[in-house]
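For reference, start_38.pdb is printed below; it contains PDB, C-alpha atoms, pLDDT in the B column.
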```
ATOM      1  CA  MET A 107      82.757  76.980 104.668  1.00 57.00           C
ATOM      2  CA  ALA A 108      82.891  79.197 101.591  1.00 54.00           C
ATOM      3  CA  ARG A 109      82.089  82.445 103.289  1.00 55.00           C
ATOM      4  CA  GLY A 110      84.422  84.207 105.687  1.00 55.00           C
ATOM      5  CA  SER A 111      81.406  85.741 107.425  1.00 66.00           C
ATOM      6  CA  PHE A 112      80.257  82.261 108.475  1.00 73.00           C
ATOM      7  CA  GLN A 113      83.707  81.497 109.821  1.00 76.00           C
ATOM      8  CA  LEU A 114      83.578  84.743 111.775  1.00 76.00           C
ATOM      9  CA  SER A 115      80.190  83.766 113.255  1.00 78.00           C
ATOM     10  CA  VAL A 116      81.563  80.379 114.311  1.00 78.00           C
ATOM     11  CA  ALA A 117      84.619  82.086 115.787  1.00 77.00           C
ATOM     12  CA  ASP A 118      82.431  84.488 117.770  1.00 81.00           C
ATOM     13  CA  CYS A 119      80.238  81.678 119.108  1.00 83.00           C
ATOM     14  CA  THR A 120      83.155  79.485 120.131  1.00 85.00           C
ATOM     15  CA  ASP A 121      85.569  82.151 121.324  1.00 85.00           C
ATOM     16  CA  VAL A 122      88.161  81.073 118.735  1.00 83.00           C
ATOM     17  CA  ALA A 123      89.915  83.363 116.258  1.00 85.00           C
ATOM     18  CA  GLN A 124      88.571  83.258 112.664  1.00 81.00           C
ATOM     19  CA  PRO A 125      91.966  82.167 111.221  1.00 82.00           C
ATOM     20  CA  SER A 126      91.881  79.186 113.583  1.00 84.00           C
ATOM     21  CA  VAL A 127      88.354  78.311 112.425  1.00 79.00           C
ATOM     22  CA  CYS A 128      89.607  78.451 108.834  1.00 79.00           C
ATOM     23  CA  LYS A 129      92.578  76.225 109.669  1.00 84.00           C
ATOM     24  CA  TYR A 130      90.403  73.573 111.347  1.00 81.00           C
ATOM     25  CA  LEU A 131      87.753  73.694 108.618  1.00 78.00           C
ATOM     26  CA  ARG A 132      90.509  72.851 106.156  1.00 81.00           C
ATOM     27  CA  ILE A 133      91.564  69.871 108.297  1.00 86.00           C
ATOM     28  CA  VAL A 134      87.963  68.617 108.575  1.00 83.00           C
ATOM     29  CA  ALA A 135      87.338  69.092 104.835  1.00 77.00           C
ATOM     30  CA  LYS A 136      90.487  67.131 103.973  1.00 85.00           C
ATOM     31  CA  ALA A 137      89.517  64.335 106.368  1.00 87.00           C
ATOM     32  CA  ASN A 138      86.064  64.174 104.759  1.00 81.00           C
ATOM     33  CA  ALA A 139      87.622  64.027 101.291  1.00 83.00           C
ATOM     34  CA  ASP A 140      90.035  61.286 102.373  1.00 88.00           C
ATOM     35  CA  LEU A 141      87.185  59.189 103.815  1.00 87.00           C
ATOM     36  CA  ALA A 142      84.753  59.772 100.941  1.00 85.00           C
ATOM     37  CA  PRO A 143      85.791  56.772  98.795  1.00 84.00           C
ATOM     38  CA  GLU A 144      85.103  54.468 101.733  1.00 87.00           C
ATOM     39  CA  PHE A 145      81.531  55.737 102.153  1.00 88.00           C
ATOM     40  CA  ILE A 146      80.498  57.027  98.717  1.00 90.00           C
ATOM     41  CA  SER A 147      80.360  54.325  96.069  1.00 91.00           C
ATOM     42  CA  PHE A 148      77.978  53.569  93.234  1.00 93.00           C
ATOM     43  CA  PRO A 149      76.453  50.073  93.344  1.00 91.00           C
ATOM     44  CA  GLU A 150      78.342  47.456  91.372  1.00 91.00           C
ATOM     45  CA  PRO A 151      76.345  45.600  88.677  1.00 91.00           C
ATOM     46  CA  GLU A 152      75.812  42.625  91.010  1.00 92.00           C
ATOM     47  CA  GLN A 153      74.213  44.959  93.602  1.00 92.00           C
ATOM     48  CA  GLU A 154      72.065  46.737  91.049  1.00 92.00           C
ATOM     49  CA  GLN A 155      68.971  44.525  91.325  1.00 94.00           C
ATOM     50  CA  GLY A 156      68.779  45.084  95.074  1.00 95.00           C
ATOM     51  CA  THR A 157      68.983  48.859  94.527  1.00 94.00           C
ATOM     52  CA  MET A 158      66.231  48.680  91.876  1.00 95.00           C
ATOM     53  CA  ASN A 159      64.051  46.647  94.262  1.00 96.00           C
ATOM     54  CA  GLU A 160      64.485  49.258  97.007  1.00 96.00           C
ATOM     55  CA  PHE A 161      63.440  52.085  94.689  1.00 95.00           C
ATOM     56  CA  PHE A 162      60.532  50.033  93.365  1.00 96.00           C
ATOM     57  CA  SER A 163      59.262  49.359  96.878  1.00 96.00           C
ATOM     58  CA  ILE A 164      59.228  53.103  97.587  1.00 94.00           C
ATOM     59  CA  ALA A 165      57.871  54.583  94.346  1.00 91.00           C
ATOM     60  CA  ARG A 166      56.809  51.664  92.135  1.00 94.00           C
ATOM     61  CA  ILE A 167      59.154  52.858  89.379  1.00 92.00           C
ATOM     62  CA  PRO A 168      61.074  49.940  87.863  1.00 93.00           C
ATOM     63  CA  GLY A 169      64.731  50.118  86.868  1.00 93.00           C
ATOM     64  CA  VAL A 170      65.910  53.028  89.038  1.00 94.00           C
ATOM     65  CA  ILE A 171      69.470  52.623  90.355  1.00 94.00           C
ATOM     66  CA  GLY A 172      69.837  56.170  91.688  1.00 95.00           C
ATOM     67  CA  CYS A 173      68.422  59.667  91.845  1.00 94.00           C
ATOM     68  CA  ILE A 174      70.497  62.545  90.519  1.00 94.00           C
ATOM     69  CA  ASP A 175      70.402  66.269  91.200  1.00 93.00           C
ATOM     70  CA  GLY A 176      72.711  69.175  91.713  1.00 91.00           C
ATOM     71  CA  CYS A 177      73.028  72.325  93.717  1.00 91.00           C
ATOM     72  CA  HIS A 178      74.968  75.564  93.744  1.00 91.00           C
ATOM     73  CA  VAL A 179      77.255  76.179  96.708  1.00 88.00           C
ATOM     74  CA  PRO A 180      77.726  79.938  97.145  1.00 88.00           C
ATOM     75  CA  ILE A 181      81.306  81.181  97.058  1.00 87.00           C
ATOM     76  CA  GLN A 182      83.023  84.528  97.148  1.00 86.00           C
ATOM     77  CA  ASN A 183      84.220  85.862  93.796  1.00 89.00           C
ATOM     78  CA  PRO A 184      87.245  83.670  93.029  1.00 87.00           C
ATOM     79  CA  GLY A 185      88.968  86.393  91.015  1.00 88.00           C
ATOM     80  CA  GLY A 186      91.550  85.241  88.522  1.00 89.00           C
ATOM     81  CA  GLN A 187      91.274  85.191  84.755  1.00 91.00           C
ATOM     82  CA  ASN A 188      87.645  84.036  84.291  1.00 91.00           C
ATOM     83  CA  PRO A 189      85.680  84.691  87.483  1.00 92.00           C
ATOM     84  CA  GLU A 190      82.396  85.084  85.574  1.00 93.00           C
ATOM     85  CA  LEU A 191      82.434  81.353  84.866  1.00 94.00           C
ATOM     86  CA  TYR A 192      81.446  80.968  88.515  1.00 94.00           C
ATOM     87  CA  ARG A 193      78.343  83.182  88.193  1.00 94.00           C
ATOM     88  CA  CYS A 194      75.308  80.883  88.157  1.00 92.00           C
ATOM     89  CA  ARG A 195      72.049  81.582  86.322  1.00 91.00           C
ATOM     90  CA  LYS A 196      70.652  83.032  89.554  1.00 91.00           C
ATOM     91  CA  GLY A 197      73.264  85.789  89.428  1.00 93.00           C
ATOM     92  CA  TRP A 198      75.643  84.853  92.247  1.00 92.00           C
ATOM     93  CA  MET A 199      79.006  83.107  92.365  1.00 93.00           C
ATOM     94  CA  SER A 200      78.888  79.375  93.013  1.00 93.00           C
ATOM     95  CA  ILE A 201      80.435  75.981  92.569  1.00 92.00           C
ATOM     96  CA  ASN A 202      78.222  73.220  91.198  1.00 93.00           C
ATOM     97  CA  VAL A 203      77.813  69.925  93.028  1.00 92.00           C
ATOM     98  CA  MET A 204      76.163  66.961  91.308  1.00 93.00           C
ATOM     99  CA  ALA A 205      75.072  64.129  93.571  1.00 94.00           C
ATOM    100  CA  VAL A 206      73.510  60.713  93.107  1.00 95.00           C
ATOM    101  CA  CYS A 207      71.837  58.885  95.977  1.00 96.00           C
ATOM    102  CA  ASP A 208      70.310  55.481  96.563  1.00 95.00           C
ATOM    103  CA  ALA A 209      66.845  54.665  97.903  1.00 95.00           C
ATOM    104  CA  SER A 210      67.945  55.281 101.492  1.00 93.00           C
ATOM    105  CA  LEU A 211      69.338  58.735 100.537  1.00 93.00           C
ATOM    106  CA  LYS A 212      72.952  57.596 100.869  1.00 93.00           C
ATOM    107  CA  SER A 213      75.282  59.416  98.460  1.00 93.00           C
ATOM    108  CA  THR A 214      76.616  57.032  95.835  1.00 95.00           C
ATOM    109  CA  ASP A 215      78.372  59.503  93.514  1.00 94.00           C
ATOM    110  CA  LEU A 216      79.531  63.117  93.690  1.00 92.00           C
ATOM    111  CA  ALA A 217      80.981  65.508  91.122  1.00 91.00           C
ATOM    112  CA  VAL A 218      82.231  68.634  92.868  1.00 88.00           C
ATOM    113  CA  GLY A 219      83.993  71.753  91.672  1.00 86.00           C
ATOM    114  CA  TRP A 220      82.359  72.725  88.401  1.00 93.00           C
ATOM    115  CA  PRO A 221      81.873  76.497  88.027  1.00 94.00           C
ATOM    116  CA  GLY A 222      78.374  77.863  88.631  1.00 94.00           C
ATOM    117  CA  SER A 223      77.750  78.552  84.946  1.00 94.00           C
ATOM    118  CA  ALA A 224      78.131  74.868  83.986  1.00 93.00           C
ATOM    119  CA  HIS A 225      74.847  73.164  83.061  1.00 91.00           C
ATOM    120  CA  ALA A 226      73.738  70.001  84.852  1.00 89.00           C
ATOM    121  CA  SER A 227      73.798  67.943  81.658  1.00 89.00           C
ATOM    122  CA  ARG A 228      77.394  69.010  80.909  1.00 91.00           C
ATOM    123  CA  ILE A 229      78.546  68.038  84.389  1.00 93.00           C
ATOM    124  CA  PHE A 230      76.806  64.671  84.126  1.00 92.00           C
ATOM    125  CA  THR A 231      78.001  63.804  80.605  1.00 90.00           C
ATOM    126  CA  SER A 232      81.573  64.684  81.633  1.00 92.00           C
ATOM    127  CA  SER A 233      81.499  62.419  84.691  1.00 92.00           C
ATOM    128  CA  ALA A 234      83.069  59.004  85.147  1.00 91.00           C
ATOM    129  CA  LEU A 235      79.630  57.732  86.209  1.00 92.00           C
ATOM    130  CA  TYR A 236      78.161  58.748  82.854  1.00 91.00           C
ATOM    131  CA  ASP A 237      80.910  56.834  81.031  1.00 90.00           C
ATOM    132  CA  ARG A 238      80.203  53.793  83.183  1.00 89.00           C
ATOM    133  CA  LEU A 239      76.453  53.939  82.539  1.00 89.00           C
ATOM    134  CA  GLU A 240      76.926  54.667  78.833  1.00 87.00           C
ATOM    135  CA  SER A 241      79.186  51.619  78.446  1.00 89.00           C
ATOM    136  CA  GLY A 242      76.273  49.356  79.382  1.00 87.00           C
ATOM    137  CA  VAL A 243      77.795  48.003  82.593  1.00 88.00           C
ATOM    138  CA  HIS A 244      74.523  48.798  84.386  1.00 90.00           C
ATOM    139  CA  GLN A 245      71.008  47.827  83.333  1.00 88.00           C
ATOM    140  CA  GLY A 246      69.129  50.469  85.321  1.00 90.00           C
ATOM    141  CA  PHE A 247      68.855  54.223  84.951  1.00 90.00           C
ATOM    142  CA  LEU A 248      69.111  57.352  87.061  1.00 92.00           C
ATOM    143  CA  LEU A 249      66.024  59.335  87.915  1.00 92.00           C
ATOM    144  CA  GLY A 250      66.403  63.094  87.572  1.00 89.00           C
ATOM    145  CA  TYR A 251      64.758  66.235  86.263  1.00 85.00           C
ATOM    146  CA  SER A 252      64.809  67.193  82.563  1.00 80.00           C
ATOM    147  CA  GLY A 253      68.172  68.992  82.868  1.00 78.00           C
ATOM    148  CA  TYR A 254      69.688  65.528  82.911  1.00 76.00           C
ATOM    149  CA  ALA A 255      67.676  64.384  79.875  1.00 66.00           C
ATOM    150  CA  ASN A 256      69.383  61.327  78.497  1.00 65.00           C
ATOM    151  CA  PRO A 257      68.410  57.701  77.806  1.00 54.00           C
ATOM    152  CA  ILE A 258      70.388  56.540  80.860  1.00 57.00           C
ATOM    153  CA  CYS A 259      69.107  59.314  83.091  1.00 55.00           C
ATOM    154  CA  SER A 260      65.487  60.272  82.677  1.00 49.00           C
ATOM    155  CA  LEU A 261      62.217  61.080  84.345  1.00 43.00           C
ATOM    156  CA  ARG A 262      59.714  58.455  83.290  1.00 42.00           C
ATOM    157  CA  SER A 263      56.032  59.112  83.691  1.00 37.00           C
TER     158      SER A 263
END
```

In structure tokens, what does this structure look like?
Amino acid sequence: MARGSFQLSVADCTDVAQPSVCKYLRIVAKANADLAPEFISFPEPEQEQGTMNEFFSIARIPGVIGCIDGCHVPIQNPGGQNPELYRCRKGWMSINVMAVCDASLKSTDLAVGWPGSAHASRIFTSSALYDRLESGVHQGFLLGYSGYANPICSLRS
């Protein structure tokens, strides 16, 4: 979706003009965003024990209420005043996406839109989910790599 060359490939394969592909991608992306709250939700405290049980049955790690990770989505240079903010540590332009999933790999939280230079821990500690976990509403923790090092989000050995 971020690269015009991909849109051109889709247009060529479907015999549709690239501007039309762009137009319909926008419609699909908006529909996905509108539906997201219905399908992406972090477990409420009363559902937490069931989530922990599911993770425990898979990996025998107690207390896990989600797994967290992020990825870089490549984009074209956004231009503007500070385009270098979007250059990730790998050297290309990107937008960061942080995701949390449950034991069945269903997304339960997303943070989308941070520039590629933003560190995982900054994205996490700036999220509404972090505030919720930090407030003590939940008893469990998120499992993630050391970039998310934090008492409420850690890799336990």

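Interatomic distance, atom CA of Pro180 of chain A to atom CA of Ala135 of chain A: 16.4 Å.
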
| query | What is the atom CA of Glu154 of chain A to atom CA of His244 of chain A distance in Å? | reply | 7.4 Å

| said: Suppose a student applies the PyMOL selection byres ((chain A and resi 150) around 12) to this structure; what residues should they get, written as a PyMOL selection string? | reply: chain A and resi 147-149+151-157+171+214+235+238-239+243-246

| Closest to Gln124 of chain A among A:Lys212, A:Gly242, A:Phe112, A:Gly185, using all atoms listed in the file? |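 Nearest candidate to Gln124 of chain A out of A:Lys212, A:Gly242, A:Phe112, A:Gly185: A:Phe112.
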
| said: One number please: atom CA of Gln182 of chain A to atom CA of Ala226 of chain A, in Å, one decimal. | reply: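 Straight-line distance from atom CA of Gln182 of chain A to atom CA of Ala226 of chain A works out to 21.2 Å.
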
| task | Would you be able to write out as an MDAnalysis selection string which residues have an atom within 7 Å of (76.6, 79.8, 92.6) in the file's coordinates, counting only C-alpha atoms? | result | chainID A and resid 178:181 192:194 198:202 222

| request: Would you translate the PyMOL selection byres ((chain A and resi 206) around 8) into the concrete set of residues it matches in this file, as an NGL selection string? | output: :A and (172-175 or 204-205 or 207-208 or 213-216)

| request: Spell out the residues picked by the PyMOL selection byres ((chain A and resi 131) around 12) here, as a list of chain:residue names. | output: A:Met107, A:Ala108, A:Arg109, A:Gly110, A:Phe112, A:Gln113, A:Val116, A:Ala117, A:Gln124, A:Pro125, A:Ser126, A:Val127, A:Cys128, A:Lys129, A:Tyr130, A:Arg132, A:Ile133, A:Val134, A:Ala135, A:Lys136, A:Ala137, A:Asn138

| said: Considering all atoms listed in the file, can you say which of A:Ser223, A:Thr120, A:Phe230, A:Glu240 comes closest to Asn188 of chain A? | reply: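 Of the candidates, the smallest distance to Asn188 of chain A is held by A:Ser223.
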
Quick one: 3 Å padding each side, axis-aligned, all listed atoms of segment 196-204 of chain A - centre and edge lengths in Å to one decimal, as AutoDock Vina command-line options?
```
--center_x 75.5 --center_y 76.4 --center_z 91.2 --size_x 15.8 --size_y 24.8 --size_z 9.6
```
